[in-house]
Structures are given as structure tokens and as C-alpha cells.
Amino acid sequence: MFTGIVEETGVIKKKILNLDGMELTIHANKVLEDLKVNDSISCSGVCLTVTKLFDTSFVVQLVEETIDRTTAKFWDVNSRINLERSLLPTTRLGGHFVQGHVDDIGKVVSVKKNKNSWCFWFKIKNNFSKFLIKKGSIAINGVSLTINEIKKNNFRADIIPHTFKKTNLRFLKKNMIVNIEFDLLIKFLRK
């Protein structure tokens with residue numbers, strides 16, 4: 001379980017394809033402070049397990065299901081990904097409950113810079129629009145955001161400078177794809 005408050009942006013340093021999917025070595029700083037093998041870590045919104053740990057990096061394994069459902073299929077050496085360690089029971093919940101179980105991928109429709117913030121429009125598949133609630137929460141690449149406007153299967157999220165600088169959202173351009181995880185409570189209510 002995560003909060004969607006990204007701690008840092010890591011960089012993929014090594015990618016090894018194998019029979020079950022792929023293994024990634026990710027360079028990081030902050031998240032390594034108390035990270036252990038077997039810990040869960042959110043990598044751009046995808047909950048993965050740390051399988052190896054080094055001084056300046058850690059290793060995760062992705063299976064085909066994860067690769068097929070997420071943007072991980074496009075990750076490569078030097079890709080920048082958002083990193084967040086799993087939630088501790090003593091931690092403040094600054095964002096919203098994020099499982100790291102990506103529901104689908106969405107597309108960036110537009111990015112507009114305001115004076116000191118950014119306005120992003122995203123598009124999702126029509127069958128997922130039932131999970132869009134104005135002023136509701138959504139995780140984009142693992143970042144907890146608020147849905148500020150909805151037009152059918154498109155929605156707007158506004159990004160403050162701190163979040164923009166600290167996450168890989170700053171690299172997004174029109175037509176790029178992102179990992180989408182809808183709010184857990186909304187999914188349960190709709191079910």
C-alpha cells in the first residue's frame with residue numbers, strides 16, 4: 001500500500017529480459033535509506049518487490065502480466081520512474097490509498113503551463129470513465145492527483161511546481177502513455 005506521494009525519481013540502469021518477463025536494476029538515493037530485499041516499492045505506480053539491493057541501486061522482477069498491463073513495456077535503460085516506498089502504519093497519509101495495482105494505461109491529451117503550475121488532460125478507455133469523480137483521487141504513474149474536470153473519458157489534473165519537479169510528470173508530452181490506478185474506494189463503491 002502506498003500514498004501516491006513520490007519520494008524521488010529513479011533511473012533504470014540495467015534491463016534484462018528473461019523467460020518470465022524482465023529484471024530491472026534501478027538507481028536511486030532516498031528510497032535506499034531503509035529499503036530491504038522483499039520490500040514492496042512503487043515504480044511509476046507499479047507495485048514491485050525488491051529482489052536484490054546494492055549501494056546505489058536495487059533490482060525488481062516484472063512478470064508478463066505486469067508488463068502487458070502497464071507502461072513498463074516501454075521502459076528501457078535511462079528511463080526515469082517515480083519511486084515510493086510502501087506505507088508504514090506510523091506514516092502520515094498525504095495522498096490517498098494507492099495499491100500499486102495499475103488498472104490500465106491512459107494517454108496524455110495535452111500539457112499546458114500556467115504561471116506556476118501545469119494543467120494536464122488525460123484520456124482513458126470509455127469503460128473506465130465510471131471511476132472518474134470530480135474532486136476524486138487518481139494515481140498517474142504512481143502520483144496521487146485530484147481530478148478537477150471531466151469530459152466523457154477525459155479528465156484534467158493540475159500539478160503544482162513541487163510535484164512537477166519531483167516526479168517524472170515533468171517529462172510528459174502529448175500522446176505519451178501513463179499508468180492509471182483509480183481510487184480504491186470508488187472502485188469498491190462502483191462494484
# chains A, B, ... in the order shown; residues from 1 in each chain; ligands from 1
>>> select_by_dssp(residues="region 16-151 of chain A", states="strand (DSSP E or B)", output="number ranges by chain")
A: 16-18, 21-27, 40-43, 46-53, 57-63, 80-85, 98, 104-113, 118-123, 137-140, 143-146, 149-151
>>> select_by_dssp(residues="region 110-191 of chain A", states="alpha helix (DSSP H)", output="list in words")
Pro161, His162, Thr163, Phe164, Lys165, Lys166, Leu184, Leu185, Ile186, Lys187, Phe188, Leu189 and Arg190 of chain A
>>> closest_residue(among="A:Glu23, A:Asp103, A:Asp34, A:Glu149", to="Lys135 (chain A)", atoms="only C-alpha atoms")
A:Glu149
>>> closest_residue(among="A:Val98, A:Ile160, A:Ile180, A:Val108", to="Phe131 (chain A)", atoms="only C-alpha atoms")
A:Ile180
>>> residues_around(residues="Arg92 (chain A)", least_positions_apart="3", cutoff="12 Å", atoms="only C-alpha atoms", output="NGL selection string")
:A and (2-5 or 87-89 or 95-97)
>>> closest_residue(among="A:Ser44, A:Asn18, A:Ser137, A:Ser110", to="Ala72 (chain A)", atoms="only C-alpha atoms")
A:Ser44
>>> residues_around(residues="Ser86 (chain A)", least_positions_apart="4", cutoff="12 Å", atoms="only C-alpha atoms", output="number ranges by chain")
A: 1-7, 31, 34-36, 38-43, 45-50, 90-91, 93, 97-100, 142
>>> closest_residue(among="A:Met176, A:Lys134, A:Glu181, A:His27", to="Asn78 (chain A)", atoms="only C-alpha atoms")
A:His27
>>> residues_around(residues="Asp55 (chain A)", least_positions_apart="6", cutoff="10 Å", atoms="only C-alpha atoms", output="ChimeraX atom specification")
/A:27-29,32-33
>>> closest_residue(among="A:Lys113, A:Lys152, A:Lys107, A:Arg85", to="Asn127 (chain A)", atoms="only C-alpha atoms")
A:Lys152
>>> residues_around(residues="Ser79 (chain A)", least_positions_apart="5", cutoff="10 Å", atoms="only C-alpha atoms", output="number ranges by chain")
A: 9-13, 26, 72, 74, 168
>>> write_last_selection(atoms="N, CA and C atoms", output="short mmCIF file (atom, residue, chain, number, x, y, z; two decimals), in the first residue's frame")
data_model
loop_
_atom_site.label_atom_id
_atom_site.label_comp_id
_atom_site.auth_asym_id
_atom_site.auth_seq_id
_atom_site.Cartn_x
_atom_site.Cartn_y
_atom_site.Cartn_z
N THR A 9 12.73 10.38 -8.12
CA THR A 9 12.72 9.79 -9.45
C THR A 9 13.99 8.97 -9.61
N GLY A 10 13.82 7.69 -9.90
CA GLY A 10 14.96 6.80 -10.12
C GLY A 10 15.23 6.63 -11.60
N VAL A 11 16.37 6.04 -11.93
CA VAL A 11 16.76 5.83 -13.33
C VAL A 11 17.08 4.35 -13.53
N ILE A 12 16.50 3.76 -14.56
CA ILE A 12 16.79 2.37 -14.89
C ILE A 12 18.20 2.28 -15.46
N LYS A 13 19.03 1.47 -14.82
CA LYS A 13 20.43 1.34 -15.25
C LYS A 13 20.69 0.05 -16.01
N ILE A 26 17.55 -0.44 -10.79
CA ILE A 26 17.14 0.96 -10.72
C ILE A 26 18.04 1.73 -9.77
N ALA A 72 5.38 -0.31 -18.34
CA ALA A 72 6.67 -0.97 -18.18
C ALA A 72 7.17 -1.56 -19.50
N PHE A 74 7.44 -0.19 -22.13
CA PHE A 74 8.21 0.82 -22.84
C PHE A 74 9.43 1.31 -22.04
N ASN A 168 8.28 12.16 -12.48
CA ASN A 168 8.52 12.07 -13.92
C ASN A 168 7.40 12.69 -14.74
#
>>> closest_residue(among="A:Asp104, A:Ala157, A:Ile16, A:Lys115", to="Glu65 (chain A)", atoms="only C-alpha atoms")
A:Asp104
>>> atom_distance(atom1="CA of Ala139 (chain A)", atom2="CA of Ile105 (chain A)")
11.1 Å
>>> decode(residues="region 72-87 of chain A", atoms="all heavy atoms", output="compact mmCIF listing (two decimals), in the first residue's frame")
# COMPACT_ATOMS: atom_id res chain seq x y z
N ALA A 72 5.38 -0.31 -18.34
CA ALA A 72 6.67 -0.97 -18.18
C ALA A 72 7.17 -1.56 -19.50
O ALA A 72 8.38 -1.69 -19.71
CB ALA A 72 6.59 -2.06 -17.11
N LYS A 73 6.26 -1.90 -20.39
CA LYS A 73 6.66 -2.47 -21.69
C LYS A 73 7.52 -1.48 -22.49
O LYS A 73 8.24 -1.87 -23.39
CB LYS A 73 5.44 -2.92 -22.49
CG LYS A 73 4.47 -1.85 -22.87
CD LYS A 73 3.33 -2.39 -23.72
CE LYS A 73 1.95 -2.27 -23.22
NZ LYS A 73 1.48 -2.43 -21.95
N PHE A 74 7.44 -0.19 -22.13
CA PHE A 74 8.21 0.82 -22.84
C PHE A 74 9.43 1.31 -22.04
O PHE A 74 10.16 2.16 -22.52
CB PHE A 74 7.32 2.01 -23.19
CG PHE A 74 6.14 1.62 -24.03
CD1 PHE A 74 4.87 1.61 -23.49
CD2 PHE A 74 6.31 1.24 -25.35
CE1 PHE A 74 3.78 1.24 -24.26
CE2 PHE A 74 5.23 0.86 -26.14
CZ PHE A 74 3.96 0.86 -25.58
N TRP A 75 9.60 0.80 -20.83
CA TRP A 75 10.75 1.22 -20.03
C TRP A 75 12.02 0.63 -20.61
O TRP A 75 12.06 -0.50 -21.07
CB TRP A 75 10.60 0.76 -18.59
CG TRP A 75 9.45 1.38 -17.83
CD1 TRP A 75 8.63 2.39 -18.24
CD2 TRP A 75 8.98 0.99 -16.55
NE1 TRP A 75 7.70 2.67 -17.27
CE2 TRP A 75 7.88 1.83 -16.22
CE3 TRP A 75 9.39 0.03 -15.64
CZ2 TRP A 75 7.20 1.72 -15.02
CZ3 TRP A 75 8.71 -0.09 -14.44
CH2 TRP A 75 7.62 0.76 -14.14
N ASP A 76 13.08 1.41 -20.53
CA ASP A 76 14.37 0.96 -21.03
C ASP A 76 15.46 1.60 -20.19
O ASP A 76 15.18 2.40 -19.29
CB ASP A 76 14.52 1.35 -22.51
CG ASP A 76 15.37 0.34 -23.28
OD1 ASP A 76 16.15 -0.39 -22.65
OD2 ASP A 76 15.25 0.29 -24.51
N VAL A 77 16.70 1.29 -20.49
CA VAL A 77 17.83 1.90 -19.79
C VAL A 77 17.72 3.42 -19.94
O VAL A 77 17.39 3.92 -21.02
CB VAL A 77 19.17 1.37 -20.34
CG1 VAL A 77 20.35 2.13 -19.76
CG2 VAL A 77 19.28 -0.13 -20.05
N ASN A 78 17.90 4.12 -18.84
CA ASN A 78 17.82 5.59 -18.71
C ASN A 78 16.39 6.12 -18.59
O ASN A 78 16.22 7.33 -18.46
CB ASN A 78 18.56 6.32 -19.83
CG ASN A 78 20.06 6.09 -19.73
OD1 ASN A 78 20.61 6.04 -18.64
ND2 ASN A 78 20.71 5.93 -20.86
N SER A 79 15.38 5.25 -18.60
CA SER A 79 14.02 5.71 -18.32
C SER A 79 13.96 6.19 -16.88
O SER A 79 14.56 5.58 -15.98
CB SER A 79 13.01 4.58 -18.50
OG SER A 79 12.88 4.21 -19.84
N ARG A 80 13.24 7.28 -16.66
CA ARG A 80 13.08 7.83 -15.31
C ARG A 80 11.72 7.40 -14.78
O ARG A 80 10.71 7.60 -15.43
CB ARG A 80 13.16 9.34 -15.34
CG ARG A 80 14.53 9.86 -15.72
CD ARG A 80 14.54 11.38 -15.76
NE ARG A 80 15.82 11.88 -16.18
CZ ARG A 80 16.82 12.15 -15.33
NH1 ARG A 80 16.67 11.97 -14.05
NH2 ARG A 80 17.96 12.61 -15.79
N ILE A 81 11.74 6.81 -13.57
CA ILE A 81 10.50 6.33 -12.97
C ILE A 81 10.32 6.88 -11.57
O ILE A 81 11.30 7.12 -10.85
CB ILE A 81 10.42 4.79 -12.98
CG1 ILE A 81 11.62 4.17 -12.27
CG2 ILE A 81 10.32 4.25 -14.39
CD1 ILE A 81 11.54 2.68 -12.14
N ASN A 82 9.07 7.11 -11.20
CA ASN A 82 8.74 7.60 -9.86
C ASN A 82 8.90 6.47 -8.85
O ASN A 82 8.47 5.34 -9.11
CB ASN A 82 7.30 8.12 -9.83
CG ASN A 82 7.11 9.32 -10.71
OD1 ASN A 82 8.02 10.14 -10.84
ND2 ASN A 82 5.95 9.45 -11.32
N LEU A 83 9.48 6.79 -7.69
CA LEU A 83 9.70 5.78 -6.66
C LEU A 83 9.05 6.20 -5.34
O LEU A 83 9.15 7.36 -4.93
CB LEU A 83 11.20 5.58 -6.43
CG LEU A 83 12.01 5.11 -7.63
CD1 LEU A 83 13.50 5.07 -7.29
CD2 LEU A 83 11.53 3.74 -8.12
N GLU A 84 8.39 5.23 -4.70
CA GLU A 84 7.82 5.44 -3.37
C GLU A 84 7.89 4.13 -2.60
O GLU A 84 7.46 3.09 -3.10
CB GLU A 84 6.36 5.89 -3.45
CG GLU A 84 5.74 6.10 -2.08
CD GLU A 84 4.23 6.31 -2.11
OE1 GLU A 84 3.63 6.35 -3.20
OE2 GLU A 84 3.66 6.43 -1.01
N ARG A 85 8.46 4.20 -1.39
CA ARG A 85 8.46 3.02 -0.52
C ARG A 85 7.06 2.78 0.01
O ARG A 85 6.24 3.70 0.07
CB ARG A 85 9.44 3.22 0.64
CG ARG A 85 10.90 3.23 0.20
CD ARG A 85 11.81 3.64 1.30
NE ARG A 85 11.66 5.10 1.51
CZ ARG A 85 12.40 5.81 2.34
NH1 ARG A 85 13.33 5.22 3.06
NH2 ARG A 85 12.22 7.10 2.45
N SER A 86 6.79 1.56 0.44
CA SER A 86 5.45 1.23 0.94
C SER A 86 5.14 1.99 2.23
O SER A 86 6.03 2.40 2.97
CB SER A 86 5.30 -0.27 1.14
OG SER A 86 6.27 -0.75 2.05
N LEU A 87 3.86 2.15 2.45
CA LEU A 87 3.33 2.91 3.58
C LEU A 87 3.61 2.19 4.90
O LEU A 87 3.41 0.99 5.01
CB LEU A 87 1.82 3.07 3.38
CG LEU A 87 1.00 3.79 4.42
CD1 LEU A 87 1.43 5.24 4.51
CD2 LEU A 87 -0.47 3.70 4.05
